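Working notes for the structure below.
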Amino acid sequence: MNLSEIFETEPKQWGFRGDPYFWRYLKEKARKMPITISEAELEDWIKKEHREVSGKEMTDCSIVRVEQFAHGGMSSGGISGQWWTEDGIPLLVSRLRANEAKDRWRQTKAYAEYSAKAKNWSKEQTEEINAGLDDIFANFSKCMKAGLNYDSQEAQALVTKLQEYITENFYTCTKDILAGLGQMYTADERFRKNIDRHAEGTADYVGTAISCYCGE
């Protein structure tokens with residue numbers, strides 16, 4: 001696994017037309033880099049690459065035009081320092097953090113407990129257990145769409161149900177583990193996309209409800 005993993009899913013919105021090309025440029029460079037770098041090293045590297053392609057420093061108000069990223073249209077080749085500092089870099093940092101959490105998770109007793117259970121599941125059992133988990137996320141979505149706050153009795157009851165379901169079917173879900181899951185549901189694009197199938201914003205709603213439940 002290399003650093004390009006965190007660039008895999010592209011954002012839906014950009015600052016200028018050159019931003020997606022800079023993103024893809026970084027992705028190719030990242031294929032030769034380990035995913036074990038720190039958050040600070042990631043940010044420094046992105047800013048260094050910006051400096052190399054543009055000749056200028058990236059700031060929250062910088063706007064540069066890079067010819068190699070120009071492919072026609074308004075703001076063609078433009079890189080928005082504001083978008084990268086406020087959206088792009090924080091997104092990549094959150095994905096790096098989620099990957100670190102998954103690596104730590106693979107080394108826990110909970111992961112060993114899950115592996116021991118899952119290896120004996122049939123295809124039907126796997127589908128049934130995953131469907132049950134998905135039903136809980138669907139109910140979170142219903143709470144959100146009904147206008148219930150994440151700290152409402154209904155939402156917090158669903159967090160309890162989620163914790164109990166995970167403990168019963170996957171592994172012992174302590175509050176610390178649950179808190180980590182809440183972060184992963186929002187930071188990892190694959191989890192977010194799956195949960196947001198029920199309605200956009202569901203993953204954030206679940207993550208915030210879990211954070212409240214865990215007293216964070």
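The chains in the structure tokens are called A, B, ... from first to last as shown; in each chain the residues are counted from 1, and the ligands are counted from 1 in the order shown.
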TODO: Compile the contact shell of region 88-98 of chain A as a ChimeraX atom specification: residues with an atom at most 10 Å away, counting only C-alpha atoms, same-chain residues fewer than 2 positions apart removed.
DONE: /A:3,5-7,10-11,13-15,19,23,35-40,42-43,46-47,80-86,100-104,180-181,183-189
Preceding selection exported with N, CA and C atoms as a compact mmCIF listing (two decimals), in the first residue's frame:
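Generated output (again.txt):
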```
# COMPACT_ATOMS: atom_id res chain seq x y z
N LEU A 3 0.97 5.86 -0.67
CA LEU A 3 0.22 7.08 -0.33
C LEU A 3 -0.87 7.42 -1.34
N GLU A 5 -3.28 5.81 -2.19
CA GLU A 5 -4.57 5.31 -1.72
C GLU A 5 -5.48 6.44 -1.26
N ILE A 6 -4.92 7.45 -0.62
CA ILE A 6 -5.77 8.52 -0.08
C ILE A 6 -6.26 9.47 -1.16
N PHE A 7 -5.71 9.35 -2.39
CA PHE A 7 -6.15 10.18 -3.51
C PHE A 7 -7.17 9.47 -4.39
N GLU A 10 -11.93 11.07 -5.83
CA GLU A 10 -11.77 12.51 -6.02
C GLU A 10 -12.94 13.29 -5.41
N PRO A 11 -12.68 14.49 -4.93
CA PRO A 11 -13.76 15.34 -4.39
C PRO A 11 -14.78 15.68 -5.46
N GLN A 13 -16.29 18.67 -5.57
CA GLN A 13 -16.17 20.09 -5.87
C GLN A 13 -14.71 20.52 -5.76
N TRP A 14 -14.34 21.48 -6.61
CA TRP A 14 -12.97 22.00 -6.64
C TRP A 14 -13.00 23.52 -6.53
N GLY A 15 -11.82 24.09 -6.42
CA GLY A 15 -11.72 25.54 -6.43
C GLY A 15 -11.68 26.06 -7.85
N ASP A 19 -7.24 22.44 -10.25
CA ASP A 19 -7.13 21.67 -9.01
C ASP A 19 -7.23 20.15 -9.22
N TRP A 23 -4.34 17.47 -8.30
CA TRP A 23 -4.69 16.30 -7.47
C TRP A 23 -4.14 15.01 -8.12
N ILE A 35 2.64 5.12 2.86
CA ILE A 35 1.44 5.72 3.46
C ILE A 35 1.64 5.96 4.95
N THR A 36 2.85 5.70 5.43
CA THR A 36 3.14 5.83 6.86
C THR A 36 3.66 7.21 7.24
N ILE A 37 3.63 8.18 6.32
CA ILE A 37 4.11 9.50 6.66
C ILE A 37 3.15 10.17 7.64
N SER A 38 3.65 11.18 8.33
CA SER A 38 2.81 11.89 9.31
C SER A 38 1.92 12.90 8.61
N GLU A 39 0.94 13.41 9.35
CA GLU A 39 0.03 14.42 8.80
C GLU A 39 0.79 15.69 8.41
N ALA A 40 1.75 16.08 9.26
CA ALA A 40 2.54 17.28 8.97
C ALA A 40 3.40 17.07 7.72
N LEU A 42 2.71 15.10 5.23
CA LEU A 42 1.81 15.12 4.08
C LEU A 42 1.55 16.55 3.62
N GLU A 43 1.21 17.42 4.56
CA GLU A 43 0.93 18.81 4.21
C GLU A 43 2.16 19.50 3.64
N ILE A 46 2.74 18.33 -0.01
CA ILE A 46 1.80 18.93 -0.97
C ILE A 46 2.22 20.36 -1.28
N LYS A 47 2.59 21.11 -0.27
CA LYS A 47 2.99 22.49 -0.47
C LYS A 47 4.32 22.58 -1.24
N SER A 80 -6.26 26.78 -6.70
CA SER A 80 -6.78 27.63 -5.63
C SER A 80 -6.13 27.27 -4.29
N GLY A 81 -5.32 28.18 -3.77
CA GLY A 81 -4.71 27.95 -2.47
C GLY A 81 -5.76 27.83 -1.38
N GLN A 82 -6.84 28.60 -1.52
CA GLN A 82 -7.91 28.55 -0.53
C GLN A 82 -8.56 27.17 -0.50
N TRP A 83 -8.85 26.62 -1.70
CA TRP A 83 -9.47 25.28 -1.73
C TRP A 83 -8.55 24.24 -1.13
N TRP A 84 -7.28 24.29 -1.45
CA TRP A 84 -6.35 23.28 -0.94
C TRP A 84 -6.15 23.39 0.58
N THR A 85 -6.06 24.61 1.09
CA THR A 85 -5.83 24.76 2.53
C THR A 85 -7.09 24.50 3.36
N GLU A 86 -8.26 24.82 2.79
CA GLU A 86 -9.51 24.67 3.55
C GLU A 86 -10.22 23.34 3.29
N GLU A 100 -4.54 5.12 9.30
CA GLU A 100 -3.78 4.80 10.51
C GLU A 100 -4.65 4.08 11.52
N ALA A 101 -5.90 4.52 11.63
CA ALA A 101 -6.84 3.89 12.56
C ALA A 101 -7.10 2.44 12.16
N LYS A 102 -7.23 2.20 10.84
CA LYS A 102 -7.47 0.83 10.37
C LYS A 102 -6.25 -0.05 10.62
N ASP A 103 -5.05 0.51 10.46
CA ASP A 103 -3.84 -0.26 10.74
C ASP A 103 -3.76 -0.65 12.21
N ARG A 104 -4.11 0.31 13.08
CA ARG A 104 -4.10 0.01 14.52
C ARG A 104 -5.15 -1.03 14.85
N GLY A 180 -13.71 5.35 17.82
CA GLY A 180 -12.86 5.22 16.64
C GLY A 180 -13.67 4.91 15.40
N LEU A 181 -14.70 4.08 15.55
CA LEU A 181 -15.56 3.76 14.42
C LEU A 181 -16.29 5.01 13.92
N GLN A 183 -15.30 8.03 14.01
CA GLN A 183 -14.36 8.83 13.23
C GLN A 183 -14.14 8.22 11.85
N MET A 184 -14.04 6.89 11.80
CA MET A 184 -13.78 6.21 10.54
C MET A 184 -14.97 6.31 9.59
N TYR A 185 -16.18 6.30 10.14
CA TYR A 185 -17.39 6.39 9.30
C TYR A 185 -17.40 7.68 8.49
N THR A 186 -16.79 8.74 9.03
CA THR A 186 -16.79 10.02 8.33
C THR A 186 -15.50 10.27 7.56
N ALA A 187 -14.38 9.79 8.08
CA ALA A 187 -13.08 10.08 7.45
C ALA A 187 -12.77 9.16 6.28
N ASP A 188 -13.22 7.91 6.35
CA ASP A 188 -12.94 6.95 5.28
C ASP A 188 -14.03 7.07 4.21
N GLU A 189 -13.63 7.42 3.00
CA GLU A 189 -14.61 7.67 1.94
C GLU A 189 -15.47 6.45 1.62
```
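Around region 150-157 of chain A, within 8 Å and counting only C-alpha atoms, the residues found are A:Phe140, A:Cys143, A:Met144, A:Lys161, A:Tyr205, A:Val206, A:Thr208, A:Ala209, A:Ile210, A:Cys212, A:Tyr213, once anything fewer than 4 positions away on its own chain is removed.
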Task: For Gly72 (chain A), the nearest of the candidates A:Ala146, A:Ala199, A:Asp204, A:Arg17, counting only C-alpha atoms - done: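 Closest candidate: A:Arg17.
Note that the spacing between CA of Tyr25 (chain A) and CA of Val66 (chain A) amounts to 11.9 Å.
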TODO: May I have all residues of region 6-207 of chain A that DSSP, computed from the backbone, assigns to alpha helix (DSSP H), given as an NGL selection string?
DONE: :A and (19-30 or 39-54 or 81-83 or 89-105 or 109-118 or 123-145 or 153-169 or 175-187 or 189-195 or 202-207)
- [ ] Calculate how many Å separate CA of Ile79 (chain A) from CA of Asn99 (chain A), rounding to one decimal.
- [x]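 Spanning CA of Ile79 (chain A) to CA of Asn99 (chain A) is a straight-line distance of 26.8 Å.
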TODO: Mind giving me the straight-line distance from CA of Ser115 (chain A) to CA of Phe137 (chain A) in Å, one decimal?
DONE: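 These two atoms are separated by 22.8 Å.
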Open item on the list: Report as a VMD selection string all protein, DNA and RNA residues lying within 12 Å of Arg51 (chain A), evaluated on only C-alpha atoms, omitting residues in the same chain fewer than 5 positions from it.
Closed with: chain A and resid 22 44 to 46 56 to 59 62 64 to 66 79 81
- [ ] Just the strand (DSSP E) stuff from chain A, please, per backbone DSSP, written as number ranges by chain.
- [x] A: 63-65, 78-80
TODO: Skip region 117-121 of chain A itself and residues of its chain fewer than 3 positions away, then list as a PyMOL selection string all residues within 12 Å of it, counting only C-alpha atoms.
DONE: chain A and resi 110-114+124-130+166-172
Dump of N, CA, C and O atoms for the selected residues, as a tab-separated table (two decimals), in the first residue's frame:
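Saved result, selection-v1.tsv, follows:
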```
chain	number	residue	atom	x	y	z
A	110	ALA	N	-9.80	-7.03	19.29
A	110	ALA	CA	-11.12	-6.98	18.65
A	110	ALA	C	-11.05	-7.52	17.22
A	110	ALA	O	-11.94	-8.25	16.77
A	111	TYR	N	-9.98	-7.18	16.51
A	111	TYR	CA	-9.84	-7.67	15.14
A	111	TYR	C	-9.65	-9.18	15.13
A	111	TYR	O	-10.22	-9.89	14.28
A	112	ALA	N	-8.89	-9.69	16.09
A	112	ALA	CA	-8.70	-11.15	16.19
A	112	ALA	C	-10.02	-11.83	16.49
A	112	ALA	O	-10.33	-12.91	15.95
A	113	GLU	N	-10.83	-11.19	17.36
A	113	GLU	CA	-12.15	-11.74	17.70
A	113	GLU	C	-13.06	-11.76	16.47
A	113	GLU	O	-13.74	-12.75	16.20
A	114	TYR	N	-13.03	-10.67	15.71
A	114	TYR	CA	-13.82	-10.60	14.49
A	114	TYR	C	-13.38	-11.65	13.48
A	114	TYR	O	-14.22	-12.34	12.87
A	124	GLU	N	-24.56	-16.59	3.24
A	124	GLU	CA	-25.89	-16.13	3.68
A	124	GLU	C	-25.81	-15.43	5.02
A	124	GLU	O	-26.45	-14.39	5.25
A	125	GLN	N	-25.02	-16.00	5.95
A	125	GLN	CA	-24.86	-15.38	7.27
A	125	GLN	C	-24.20	-14.01	7.15
A	125	GLN	O	-24.61	-13.06	7.82
A	126	THR	N	-23.18	-13.94	6.31
A	126	THR	CA	-22.48	-12.66	6.10
A	126	THR	C	-23.44	-11.60	5.60
A	126	THR	O	-23.46	-10.46	6.10
A	127	GLU	N	-24.24	-11.96	4.62
A	127	GLU	CA	-25.20	-11.00	4.04
A	127	GLU	C	-26.24	-10.59	5.07
A	127	GLU	O	-26.62	-9.41	5.15
A	128	GLU	N	-26.70	-11.55	5.88
A	128	GLU	CA	-27.72	-11.26	6.89
A	128	GLU	C	-27.18	-10.32	7.97
A	128	GLU	O	-27.85	-9.36	8.37
A	129	ILE	N	-25.96	-10.59	8.43
A	129	ILE	CA	-25.35	-9.76	9.48
A	129	ILE	C	-25.08	-8.35	8.97
A	129	ILE	O	-25.37	-7.36	9.65
A	130	ASN	N	-24.56	-8.26	7.76
A	130	ASN	CA	-24.29	-6.93	7.18
A	130	ASN	C	-25.58	-6.15	6.92
A	130	ASN	O	-25.62	-4.93	7.08
A	166	ILE	N	-22.79	-4.63	17.17
A	166	ILE	CA	-21.39	-4.92	16.83
A	166	ILE	C	-20.81	-5.93	17.81
A	166	ILE	O	-20.13	-6.88	17.41
A	167	THR	N	-21.10	-5.74	19.11
A	167	THR	CA	-20.59	-6.67	20.12
A	167	THR	C	-21.15	-8.07	19.91
A	167	THR	O	-20.41	-9.07	20.01
A	168	GLU	N	-22.42	-8.17	19.59
A	168	GLU	CA	-23.06	-9.47	19.41
A	168	GLU	C	-22.57	-10.19	18.15
A	168	GLU	O	-22.37	-11.40	18.17
A	169	ASN	N	-22.34	-9.44	17.09
A	169	ASN	CA	-22.07	-10.08	15.80
A	169	ASN	C	-20.62	-9.98	15.31
A	169	ASN	O	-20.21	-10.80	14.48
A	170	PHE	N	-19.86	-9.00	15.78
A	170	PHE	CA	-18.52	-8.81	15.24
A	170	PHE	C	-17.43	-8.97	16.30
A	170	PHE	O	-16.58	-9.85	16.20
A	171	TYR	N	-17.44	-8.10	17.31
A	171	TYR	CA	-16.39	-8.10	18.34
A	171	TYR	C	-16.88	-7.23	19.49
A	171	TYR	O	-17.82	-6.46	19.34
A	172	THR	N	-16.22	-7.37	20.64
A	172	THR	CA	-16.59	-6.57	21.80
A	172	THR	C	-16.32	-5.10	21.50
A	172	THR	O	-15.18	-4.68	21.33
```
- [ ] For each of A:Glu164, A:Phe16, A:Cys61, A:Met33, take the minimum atom-to-atom distance to Met74 (chain A), counting only C-alpha atoms, then give the residue where this is smallest.
- [x] A:Phe16
Which residues are close to Pro34 (chain A), i.e. within 10 Å by only C-alpha atoms, leaving aside same-chain residues fewer than 3 positions away? Reply as a CSV table (one decimal) with N, CA and C atoms, in the first residue's frame.
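The resulting file, selection38.csv, is shown below:
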```csv
chain,number,residue,atom,x,y,z
A,1,MET,N,0.8,-1.2,0.0
A,1,MET,CA,0.0,0.0,0.0
A,1,MET,C,0.9,1.2,0.0
A,2,ASN,N,0.5,2.2,-0.8
A,2,ASN,CA,1.3,3.5,-0.9
A,2,ASN,C,0.4,4.7,-0.7
A,3,LEU,N,1.0,5.9,-0.7
A,3,LEU,CA,0.2,7.1,-0.3
A,3,LEU,C,-0.9,7.4,-1.3
A,4,SER,N,-0.8,6.9,-2.5
A,4,SER,CA,-1.8,7.2,-3.6
A,4,SER,C,-3.2,6.7,-3.2
A,30,ALA,N,2.6,10.1,-5.5
A,30,ALA,CA,2.3,9.4,-4.2
A,30,ALA,C,2.5,7.9,-4.4
A,31,ARG,N,2.4,7.4,-5.6
A,31,ARG,CA,2.6,6.0,-5.8
A,31,ARG,C,3.9,5.5,-5.3
A,37,ILE,N,3.6,8.2,6.3
A,37,ILE,CA,4.1,9.5,6.7
A,37,ILE,C,3.1,10.2,7.6
```
